[in-house]
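One file, data00.pdb, carrying PDB, C-alpha atoms and all ligand atoms:
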```
ATOM      1  CA  MET A   1      -4.418 -14.563  27.864  1.00  0.00           C
ATOM      2  CA  THR A   2      -3.455 -10.964  28.472  1.00  0.00           C
ATOM      3  CA  LEU A   3      -3.202  -9.745  32.051  1.00  0.00           C
ATOM      4  CA  GLU A   4      -4.355  -6.442  33.502  1.00  0.00           C
ATOM      5  CA  ILE A   5      -1.536  -3.903  33.760  1.00  0.00           C
ATOM      6  CA  VAL A   6      -1.914  -1.985  37.011  1.00  0.00           C
ATOM      7  CA  GLN A   7      -1.381   1.779  37.055  1.00  0.00           C
ATOM      8  CA  ALA A   8       0.595   4.126  39.301  1.00  0.00           C
ATOM      9  CA  GLY A   9      -1.037   4.349  42.702  1.00  0.00           C
ATOM     10  CA  HIS A  10      -1.450   0.569  43.041  1.00  0.00           C
ATOM     11  CA  PRO A  11       0.613  -0.438  46.113  1.00  0.00           C
ATOM     12  CA  VAL A  12       2.170  -3.471  44.363  1.00  0.00           C
ATOM     13  CA  LEU A  13       4.180  -1.040  42.213  1.00  0.00           C
ATOM     14  CA  ARG A  14       5.749   0.483  45.334  1.00  0.00           C
ATOM     15  CA  ASN A  15       6.596  -2.650  47.295  1.00  0.00           C
ATOM     16  CA  PRO A  16       9.927  -4.451  46.719  1.00  0.00           C
ATOM     17  CA  ALA A  17       9.276  -7.709  44.844  1.00  0.00           C
ATOM     18  CA  ARG A  18      10.442 -10.974  46.428  1.00  0.00           C
ATOM     19  CA  PRO A  19      12.844 -13.506  44.874  1.00  0.00           C
ATOM     20  CA  ILE A  20      11.490 -16.652  43.201  1.00  0.00           C
ATOM     21  CA  THR A  21      12.769 -20.061  44.365  1.00  0.00           C
ATOM     22  CA  PRO A  22      13.913 -22.623  41.741  1.00  0.00           C
ATOM     23  CA  VAL A  23      11.071 -24.976  42.771  1.00  0.00           C
ATOM     24  CA  GLU A  24       8.502 -22.193  42.450  1.00  0.00           C
ATOM     25  CA  LEU A  25       9.875 -21.247  39.045  1.00  0.00           C
ATOM     26  CA  SER A  26       9.212 -24.757  37.717  1.00  0.00           C
ATOM     27  CA  THR A  27       5.545 -24.705  38.703  1.00  0.00           C
ATOM     28  CA  ALA A  28       2.746 -24.446  36.163  1.00  0.00           C
ATOM     29  CA  ARG A  29       1.583 -21.255  37.861  1.00  0.00           C
ATOM     30  CA  LEU A  30       4.892 -19.456  37.269  1.00  0.00           C
ATOM     31  CA  GLN A  31       5.272 -20.751  33.719  1.00  0.00           C
ATOM     32  CA  ALA A  32       1.722 -19.579  32.971  1.00  0.00           C
ATOM     33  CA  LEU A  33       2.543 -16.190  34.480  1.00  0.00           C
ATOM     34  CA  ILE A  34       5.591 -15.888  32.206  1.00  0.00           C
ATOM     35  CA  ALA A  35       3.488 -16.781  29.145  1.00  0.00           C
ATOM     36  CA  GLY A  36       0.822 -14.306  30.205  1.00  0.00           C
ATOM     37  CA  MET A  37       3.396 -11.551  30.697  1.00  0.00           C
ATOM     38  CA  GLN A  38       4.871 -12.224  27.243  1.00  0.00           C
ATOM     39  CA  GLU A  39       1.449 -11.942  25.630  1.00  0.00           C
ATOM     40  CA  THR A  40       0.561  -8.842  27.663  1.00  0.00           C
ATOM     41  CA  MET A  41       3.829  -7.073  26.774  1.00  0.00           C
ATOM     42  CA  ARG A  42       3.338  -7.786  23.060  1.00  0.00           C
ATOM     43  CA  ALA A  43      -0.303  -6.676  23.118  1.00  0.00           C
ATOM     44  CA  ALA A  44       0.389  -3.436  24.994  1.00  0.00           C
ATOM     45  CA  PRO A  45       2.761  -3.016  23.083  1.00  0.00           C
ATOM     46  CA  GLY A  46       5.853  -2.591  25.208  1.00  0.00           C
ATOM     47  CA  VAL A  47       9.520  -3.602  25.259  1.00  0.00           C
ATOM     48  CA  GLY A  48       9.555  -4.829  28.842  1.00  0.00           C
ATOM     49  CA  LEU A  49       7.199  -5.860  31.622  1.00  0.00           C
ATOM     50  CA  ALA A  50       7.877  -6.585  35.291  1.00  0.00           C
ATOM     51  CA  ALA A  51       5.695  -8.878  37.406  1.00  0.00           C
ATOM     52  CA  PRO A  52       4.567  -6.089  39.791  1.00  0.00           C
ATOM     53  CA  GLN A  53       2.947  -4.435  36.760  1.00  0.00           C
ATOM     54  CA  VAL A  54       0.541  -7.372  36.591  1.00  0.00           C
ATOM     55  CA  ALA A  55       0.044  -7.251  40.369  1.00  0.00           C
ATOM     56  CA  GLU A  56       2.493 -10.062  41.178  1.00  0.00           C
ATOM     57  CA  GLY A  57       5.146  -9.034  43.710  1.00  0.00           C
ATOM     58  CA  LEU A  58       7.812 -11.334  42.239  1.00  0.00           C
ATOM     59  CA  GLN A  59      11.307 -10.678  40.853  1.00  0.00           C
ATOM     60  CA  LEU A  60      10.379 -11.573  37.290  1.00  0.00           C
ATOM     61  CA  VAL A  61      10.814  -9.552  34.085  1.00  0.00           C
ATOM     62  CA  VAL A  62      10.155 -10.181  30.393  1.00  0.00           C
ATOM     63  CA  ILE A  63      11.884  -8.165  27.675  1.00  0.00           C
ATOM     64  CA  GLU A  64      11.602  -8.003  23.888  1.00  0.00           C
ATOM     65  CA  ASP A  65      12.488  -5.092  21.631  1.00  0.00           C
ATOM     66  CA  ASN A  66      11.999  -5.315  17.894  1.00  0.00           C
ATOM     67  CA  ALA A  67      13.559  -1.813  17.605  1.00  0.00           C
ATOM     68  CA  ASN A  68      10.927  -1.006  14.992  1.00  0.00           C
ATOM     69  CA  VAL A  69      11.735   2.727  14.832  1.00  0.00           C
ATOM     70  CA  PRO A  70      13.163   4.970  12.116  1.00  0.00           C
ATOM     71  CA  PRO A  71      16.902   4.328  11.590  1.00  0.00           C
ATOM     72  CA  GLU A  72      17.868   7.818  12.821  1.00  0.00           C
ATOM     73  CA  ASP A  73      15.976   7.209  16.095  1.00  0.00           C
ATOM     74  CA  ALA A  74      17.631   3.806  16.484  1.00  0.00           C
ATOM     75  CA  VAL A  75      21.078   5.379  16.058  1.00  0.00           C
ATOM     76  CA  ALA A  76      20.328   8.287  18.417  1.00  0.00           C
ATOM     77  CA  ARG A  77      19.104   5.901  21.138  1.00  0.00           C
ATOM     78  CA  GLU A  78      21.637   3.118  20.495  1.00  0.00           C
ATOM     79  CA  ARG A  79      18.594   0.925  19.985  1.00  0.00           C
ATOM     80  CA  ARG A  80      19.103  -2.525  18.507  1.00  0.00           C
ATOM     81  CA  PRO A  81      16.720  -5.511  18.417  1.00  0.00           C
ATOM     82  CA  VAL A  82      16.619  -7.642  21.572  1.00  0.00           C
ATOM     83  CA  PRO A  83      14.978 -11.095  21.292  1.00  0.00           C
ATOM     84  CA  PHE A  84      12.397 -12.205  23.836  1.00  0.00           C
ATOM     85  CA  HIS A  85      13.911 -13.311  27.104  1.00  0.00           C
ATOM     86  CA  VAL A  86      13.006 -13.796  30.767  1.00  0.00           C
ATOM     87  CA  LEU A  87      14.938 -12.586  33.818  1.00  0.00           C
ATOM     88  CA  VAL A  88      14.326 -14.099  37.255  1.00  0.00           C
ATOM     89  CA  ASN A  89      15.846 -12.536  40.403  1.00  0.00           C
ATOM     90  CA  PRO A  90      18.006 -10.098  38.373  1.00  0.00           C
ATOM     91  CA  VAL A  91      20.871  -8.225  40.024  1.00  0.00           C
ATOM     92  CA  LEU A  92      21.955  -5.107  38.149  1.00  0.00           C
ATOM     93  CA  THR A  93      25.432  -3.560  38.234  1.00  0.00           C
ATOM     94  CA  VAL A  94      26.238  -0.282  36.503  1.00  0.00           C
ATOM     95  CA  LEU A  95      29.288  -0.681  34.230  1.00  0.00           C
ATOM     96  CA  ASP A  96      29.346   2.852  32.805  1.00  0.00           C
ATOM     97  CA  ASP A  97      27.637   5.550  34.854  1.00  0.00           C
ATOM     98  CA  THR A  98      27.711   8.107  32.045  1.00  0.00           C
ATOM     99  CA  MET A  99      24.126   9.357  32.170  1.00  0.00           C
ATOM    100  CA  VAL A 100      22.149   9.383  28.931  1.00  0.00           C
ATOM    101  CA  ALA A 101      18.844  11.312  28.748  1.00  0.00           C
ATOM    102  CA  HIS A 102      15.974  10.174  26.504  1.00  0.00           C
ATOM    103  CA  TRP A 103      12.186  10.208  26.468  1.00  0.00           C
ATOM    104  CA  GLU A 104      10.772   7.229  28.324  1.00  0.00           C
ATOM    105  CA  GLY A 105       7.341   5.890  29.163  1.00  0.00           C
ATOM    106  CA  CYS A 106       5.899   3.135  31.321  1.00  0.00           C
ATOM    107  CA  LEU A 107       2.873   0.903  30.776  1.00  0.00           C
ATOM    108  CA  SER A 108       1.968   1.578  34.428  1.00  0.00           C
ATOM    109  CA  VAL A 109       2.091   5.347  33.924  1.00  0.00           C
ATOM    110  CA  GLY A 110      -0.129   5.071  30.876  1.00  0.00           C
ATOM    111  CA  GLY A 111      -0.456   8.058  28.563  1.00  0.00           C
ATOM    112  CA  PHE A 112       2.600  10.015  29.735  1.00  0.00           C
ATOM    113  CA  GLN A 113       6.288  10.424  28.907  1.00  0.00           C
ATOM    114  CA  ALA A 114       9.261  12.234  30.404  1.00  0.00           C
ATOM    115  CA  ILE A 115      12.985  12.562  29.894  1.00  0.00           C
ATOM    116  CA  VAL A 116      14.736  10.069  32.158  1.00  0.00           C
ATOM    117  CA  PRO A 117      18.509   9.926  32.601  1.00  0.00           C
ATOM    118  CA  ARG A 118      19.921   6.378  32.691  1.00  0.00           C
ATOM    119  CA  ALA A 119      23.383   4.858  32.953  1.00  0.00           C
ATOM    120  CA  HIS A 120      24.946   3.992  29.589  1.00  0.00           C
ATOM    121  CA  ALA A 121      26.013   0.405  30.342  1.00  0.00           C
ATOM    122  CA  VAL A 122      24.945  -2.259  32.831  1.00  0.00           C
ATOM    123  CA  ARG A 123      25.486  -5.914  33.681  1.00  0.00           C
ATOM    124  CA  ILE A 124      22.699  -8.254  34.800  1.00  0.00           C
ATOM    125  CA  GLU A 125      23.097 -11.526  36.645  1.00  0.00           C
ATOM    126  CA  ALA A 126      19.874 -13.514  36.786  1.00  0.00           C
ATOM    127  CA  LEU A 127      18.210 -16.846  36.086  1.00  0.00           C
ATOM    128  CA  ASP A 128      16.314 -17.615  32.893  1.00  0.00           C
ATOM    129  CA  GLU A 129      12.823 -19.176  32.848  1.00  0.00           C
ATOM    130  CA  HIS A 130      14.388 -22.630  33.315  1.00  0.00           C
ATOM    131  CA  GLY A 131      16.398 -21.559  36.350  1.00  0.00           C
ATOM    132  CA  ARG A 132      19.709 -21.442  34.467  1.00  0.00           C
ATOM    133  CA  PRO A 133      22.138 -18.619  35.358  1.00  0.00           C
ATOM    134  CA  VAL A 134      22.509 -15.907  32.739  1.00  0.00           C
ATOM    135  CA  GLU A 135      24.791 -12.890  32.537  1.00  0.00           C
ATOM    136  CA  ILE A 136      23.991  -9.962  30.252  1.00  0.00           C
ATOM    137  CA  ARG A 137      26.045  -6.906  29.364  1.00  0.00           C
ATOM    138  CA  ALA A 138      24.058  -4.151  27.701  1.00  0.00           C
ATOM    139  CA  THR A 139      24.545  -0.608  26.467  1.00  0.00           C
ATOM    140  CA  GLY A 140      22.225   2.088  25.147  1.00  0.00           C
ATOM    141  CA  TRP A 141      18.495   1.415  24.883  1.00  0.00           C
ATOM    142  CA  TYR A 142      18.759  -2.185  26.092  1.00  0.00           C
ATOM    143  CA  ALA A 143      20.609  -0.960  29.190  1.00  0.00           C
ATOM    144  CA  ARG A 144      17.771   1.572  29.674  1.00  0.00           C
ATOM    145  CA  ILE A 145      15.117  -1.173  29.485  1.00  0.00           C
ATOM    146  CA  LEU A 146      17.017  -3.304  32.003  1.00  0.00           C
ATOM    147  CA  GLN A 147      17.330  -0.393  34.450  1.00  0.00           C
ATOM    148  CA  HIS A 148      13.632   0.490  34.033  1.00  0.00           C
ATOM    149  CA  GLU A 149      12.478  -3.103  34.655  1.00  0.00           C
ATOM    150  CA  CYS A 150      14.843  -3.752  37.581  1.00  0.00           C
ATOM    151  CA  ASP A 151      13.595  -0.504  39.132  1.00  0.00           C
ATOM    152  CA  HIS A 152      10.074  -1.985  39.069  1.00  0.00           C
ATOM    153  CA  LEU A 153      11.312  -4.899  41.212  1.00  0.00           C
ATOM    154  CA  ALA A 154      12.529  -2.381  43.812  1.00  0.00           C
ATOM    155  CA  GLY A 155       9.260  -0.430  43.846  1.00  0.00           C
ATOM    156  CA  VAL A 156      10.753   2.418  41.800  1.00  0.00           C
ATOM    157  CA  LEU A 157       8.972   4.054  38.849  1.00  0.00           C
ATOM    158  CA  CYS A 158      10.537   6.101  36.038  1.00  0.00           C
ATOM    159  CA  ILE A 159       8.685   9.166  37.351  1.00  0.00           C
ATOM    160  CA  ASP A 160      10.992   8.940  40.412  1.00  0.00           C
ATOM    161  CA  ARG A 161      13.999   9.440  38.132  1.00  0.00           C
ATOM    162  CA  MET A 162      12.570  11.758  35.470  1.00  0.00           C
ATOM    163  CA  ASP A 163      13.367  15.395  34.861  1.00  0.00           C
ATOM    164  CA  PRO A 164       9.954  16.473  36.266  1.00  0.00           C
ATOM    165  CA  ARG A 165       9.662  19.563  34.111  1.00  0.00           C
ATOM    166  CA  THR A 166       9.658  17.384  30.963  1.00  0.00           C
ATOM    167  CA  PHE A 167       6.637  15.314  32.104  1.00  0.00           C
ATOM    168  CA  THR A 168       4.057  15.363  29.294  1.00  0.00           C
ATOM    169  CA  THR A 169       0.962  13.599  28.027  1.00  0.00           C
ATOM    170  CA  ASN A 170       1.483  11.525  24.888  1.00  0.00           C
ATOM    171  CA  ASP A 171      -0.840  13.922  23.023  1.00  0.00           C
ATOM    172  CA  ASN A 172       1.269  16.908  23.958  1.00  0.00           C
ATOM    173  CA  PHE A 173       4.457  14.976  23.212  1.00  0.00           C
ATOM    174  CA  THR A 174       3.222  14.462  19.663  1.00  0.00           C
ATOM    175  CA  ARG A 175       2.111  18.079  19.453  1.00  0.00           C
ATOM    176  CA  PHE A 176       5.189  19.827  20.848  1.00  0.00           C
ATOM    177  CA  GLN A 177       8.157  17.426  20.825  1.00  0.00           C
ATOM    178  CA  ARG A 178       8.032  16.102  17.269  1.00  0.00           C
TER     179      ARG A 178
HETATM  180 ZN    ZN A 201       7.524   0.457  33.564  1.00  0.00          ZN
END
```
Whole structure given in structure tokens:
Amino acid sequence: MTLEIVQAGHPVLRNPARPITPVELSTARLQALIAGMQETMRAAPGVGLAAPQVAEGLQLVVIEDNANVPPEDAVARERRPVPFHVLVNPVLTVLDDTMVAHWEGCLSVGGFQAIVPRAHAVRIEALDEHGRPVEIRATGWYARILQHECDHLAGVLCIDRMDPRTFTTNDNFTRFQR
């Protein structure tokens, strides 16, 4: 069942999300939330979804990127396929603070895009959906997704980090940026 994705202006997007306990993670409610977030992300479609975006103030993220873009775009963005995975209570560390600027959107800022600078490489320490520790090192587009989703857990939106003069509707992006 797909969940409603809340839009900018909803307070849940601006409140820091709380950590999930191992016991809570094993409950049917949390496992159903993870399944619902997976389905919602795929239906949107999107490459990442954080629990606050479905009005749950929890430190929970789902990510999946099929990198289904033209090869030249994939090269320019360092975008490679990322299989579906779940991050619980992620802690992000920047490994390479070289800032890379690309167009970025958010399912909770529906219909708009902007250029957002992001660090080139990051490390994530988190739990998976079974409560097992995971460590991820990512560069390029995957690092961008991780920064975007971890920002959601801190109540930060990409519009806080964008170059504001690049902010555009999707229609005008297609019209003027292609
Ligand atoms: Zn977002």
>> Can you pull out the residues contacting A:Val62? Cut-off 9 Å, using only C-alpha atoms, and skip same-chain residues under 2 positions away; I want them as a ChimeraX atom specification.
In response: /A:34,37-38,41,47-51,60,64,84-88,149
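Closest approach to ligand ZN 201 (chain A) among A:Ile20, A:Leu153, A:Ala67, A:Leu107: A:Leu107, based on only C-alpha atoms and all ligand atoms.
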> Quick one: residues within 8 Å of A:Trp103, all atoms listed in the file counted, chain neighbours fewer than 2 positions away excluded, as a list of chain:residue names?
Replying inline: A:Ala101, A:Gly105, A:Gln113, A:Ala114, A:Ile115, A:Val116
What are the nearest atom pairs, with distances in Å to one decimal, for all residues of chain A that come at most 12 Å from ligand ZN 201 (chain A), using only C-alpha atoms and all ligand atoms, set out by chain and rising residue number as a Markdown table?
```
| residue | atom | partner | partner_atom | distance |
| --- | --- | --- | --- | --- |
| A:Ile5 | CA | A:ZN201 | ZN | 10.1 |
| A:Val6 | CA | A:ZN201 | ZN | 10.3 |
| A:Gln7 | CA | A:ZN201 | ZN | 9.7 |
| A:Ala8 | CA | A:ZN201 | ZN | 9.7 |
| A:Leu13 | CA | A:ZN201 | ZN | 9.4 |
| A:Arg14 | CA | A:ZN201 | ZN | 11.9 |
| A:Met41 | CA | A:ZN201 | ZN | 10.8 |
| A:Ala44 | CA | A:ZN201 | ZN | 11.8 |
| A:Gly46 | CA | A:ZN201 | ZN | 9.1 |
| A:Val47 | CA | A:ZN201 | ZN | 9.5 |
| A:Gly48 | CA | A:ZN201 | ZN | 7.4 |
| A:Leu49 | CA | A:ZN201 | ZN | 6.6 |
| A:Ala50 | CA | A:ZN201 | ZN | 7.3 |
| A:Ala51 | CA | A:ZN201 | ZN | 10.3 |
| A:Pro52 | CA | A:ZN201 | ZN | 9.5 |
| A:Gln53 | CA | A:ZN201 | ZN | 7.4 |
| A:Val54 | CA | A:ZN201 | ZN | 10.9 |
| A:Val61 | CA | A:ZN201 | ZN | 10.5 |
| A:Val62 | CA | A:ZN201 | ZN | 11.4 |
| A:Ile63 | CA | A:ZN201 | ZN | 11.3 |
| A:Glu104 | CA | A:ZN201 | ZN | 9.2 |
| A:Gly105 | CA | A:ZN201 | ZN | 7.0 |
| A:Cys106 | CA | A:ZN201 | ZN | 3.9 |
| A:Leu107 | CA | A:ZN201 | ZN | 5.4 |
| A:Ser108 | CA | A:ZN201 | ZN | 5.7 |
| A:Val109 | CA | A:ZN201 | ZN | 7.3 |
| A:Gly110 | CA | A:ZN201 | ZN | 9.3 |
| A:Phe112 | CA | A:ZN201 | ZN | 11.4 |
| A:Gln113 | CA | A:ZN201 | ZN | 11.1 |
| A:Arg144 | CA | A:ZN201 | ZN | 11.0 |
| A:Ile145 | CA | A:ZN201 | ZN | 8.8 |
| A:Leu146 | CA | A:ZN201 | ZN | 10.3 |
| A:Gln147 | CA | A:ZN201 | ZN | 9.9 |
| A:His148 | CA | A:ZN201 | ZN | 6.1 |
| A:Glu149 | CA | A:ZN201 | ZN | 6.2 |
| A:Cys150 | CA | A:ZN201 | ZN | 9.3 |
| A:Asp151 | CA | A:ZN201 | ZN | 8.3 |
| A:His152 | CA | A:ZN201 | ZN | 6.5 |
| A:Leu153 | CA | A:ZN201 | ZN | 10.1 |
| A:Ala154 | CA | A:ZN201 | ZN | 11.8 |
| A:Gly155 | CA | A:ZN201 | ZN | 10.5 |
| A:Val156 | CA | A:ZN201 | ZN | 9.1 |
| A:Leu157 | CA | A:ZN201 | ZN | 6.6 |
| A:Cys158 | CA | A:ZN201 | ZN | 6.9 |
| A:Ile159 | CA | A:ZN201 | ZN | 9.6 |
| A:Asp160 | CA | A:ZN201 | ZN | 11.4 |
| A:Arg161 | CA | A:ZN201 | ZN | 12.0 |
```
> Looking at A:Gly9, A:Pro45, A:Pro16, A:Pro117, which one is nearest to A:Gly140, with distances taken over all atoms listed in the file?
Replying inline: A:Pro117
> Could you write out as a list in words the residues that the PyMOL selection byres (((chain A and resi 139) around 8) and not hetatm) matches in the shown file?
Replying inline: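 Taken over the shown coordinates, the PyMOL selection byres (((chain A and resi 139) around 8) and not hetatm) returns Glu78, His120, Ala121, Val122, Arg137, Ala138, Gly140, Trp141, Tyr142, Ala143 and Arg144 of chain A.
By all atoms listed in the file, and with residues fewer than 4 positions from A:Ser26 along its chain excluded, the set lying at most 12 Å from it is Ile20, Thr21, Pro22, Leu30, Gln31, Ala32, Leu33, Ile34, Val88, Asp128, Glu129, His130, Gly131 and Arg132 of chain A.
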Export of prior selection with C-alpha atoms as a PDB file, in the coordinates of the input:
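Produced file part28.pdb, reproduced below:
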```pdb
ATOM      1  CA  ILE A  20      11.490 -16.652  43.201  1.00  0.00           C
ATOM      2  CA  THR A  21      12.769 -20.061  44.365  1.00  0.00           C
ATOM      3  CA  PRO A  22      13.913 -22.623  41.741  1.00  0.00           C
ATOM      4  CA  LEU A  30       4.892 -19.456  37.269  1.00  0.00           C
ATOM      5  CA  GLN A  31       5.272 -20.751  33.719  1.00  0.00           C
ATOM      6  CA  ALA A  32       1.722 -19.579  32.971  1.00  0.00           C
ATOM      7  CA  LEU A  33       2.543 -16.190  34.480  1.00  0.00           C
ATOM      8  CA  ILE A  34       5.591 -15.888  32.206  1.00  0.00           C
ATOM      9  CA  VAL A  88      14.326 -14.099  37.255  1.00  0.00           C
ATOM     10  CA  ASP A 128      16.314 -17.615  32.893  1.00  0.00           C
ATOM     11  CA  GLU A 129      12.823 -19.176  32.848  1.00  0.00           C
ATOM     12  CA  HIS A 130      14.388 -22.630  33.315  1.00  0.00           C
ATOM     13  CA  GLY A 131      16.398 -21.559  36.350  1.00  0.00           C
ATOM     14  CA  ARG A 132      19.709 -21.442  34.467  1.00  0.00           C
TER      15      ARG A 132
END
```
>> When you count all atoms listed in the file, which of these residues is closest to A:Val100: A:Ala126, A:Leu58, A:Met162, A:Ala35?
In response: A:Met162
>> As an exercise, work out the distance from atom CA of A:Glu24 to atom CA of A:Glu39 in Å and give it to one decimal place.
In response: 20.9 Å
> Any idea what the distance is between atom CA of A:Thr169 and atom CA of A:Ala74?
Replying inline: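 If I compute the distance from atom CA of A:Thr169 to atom CA of A:Ala74, I get 22.5 Å.
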> Looking at A:Asp163, A:Asp65, A:Glu125, A:Glu4, which one is nearest to A:Arg42, with distances taken over all atoms listed in the file?
Replying inline: A:Asp65
> What is the distance between atom CA of A:Arg118 and atom CA of A:Met99, in Å to one decimal?
Replying inline: 5.2 Å
>> Taking the file as I've supplied it (selection: the PyMOL selection byres (((chain A and resi 91) around 6) and not hetatm)), which residues are included? Please answer as a PyMOL selection string.
In response: chain A and resi 90+92+124-125
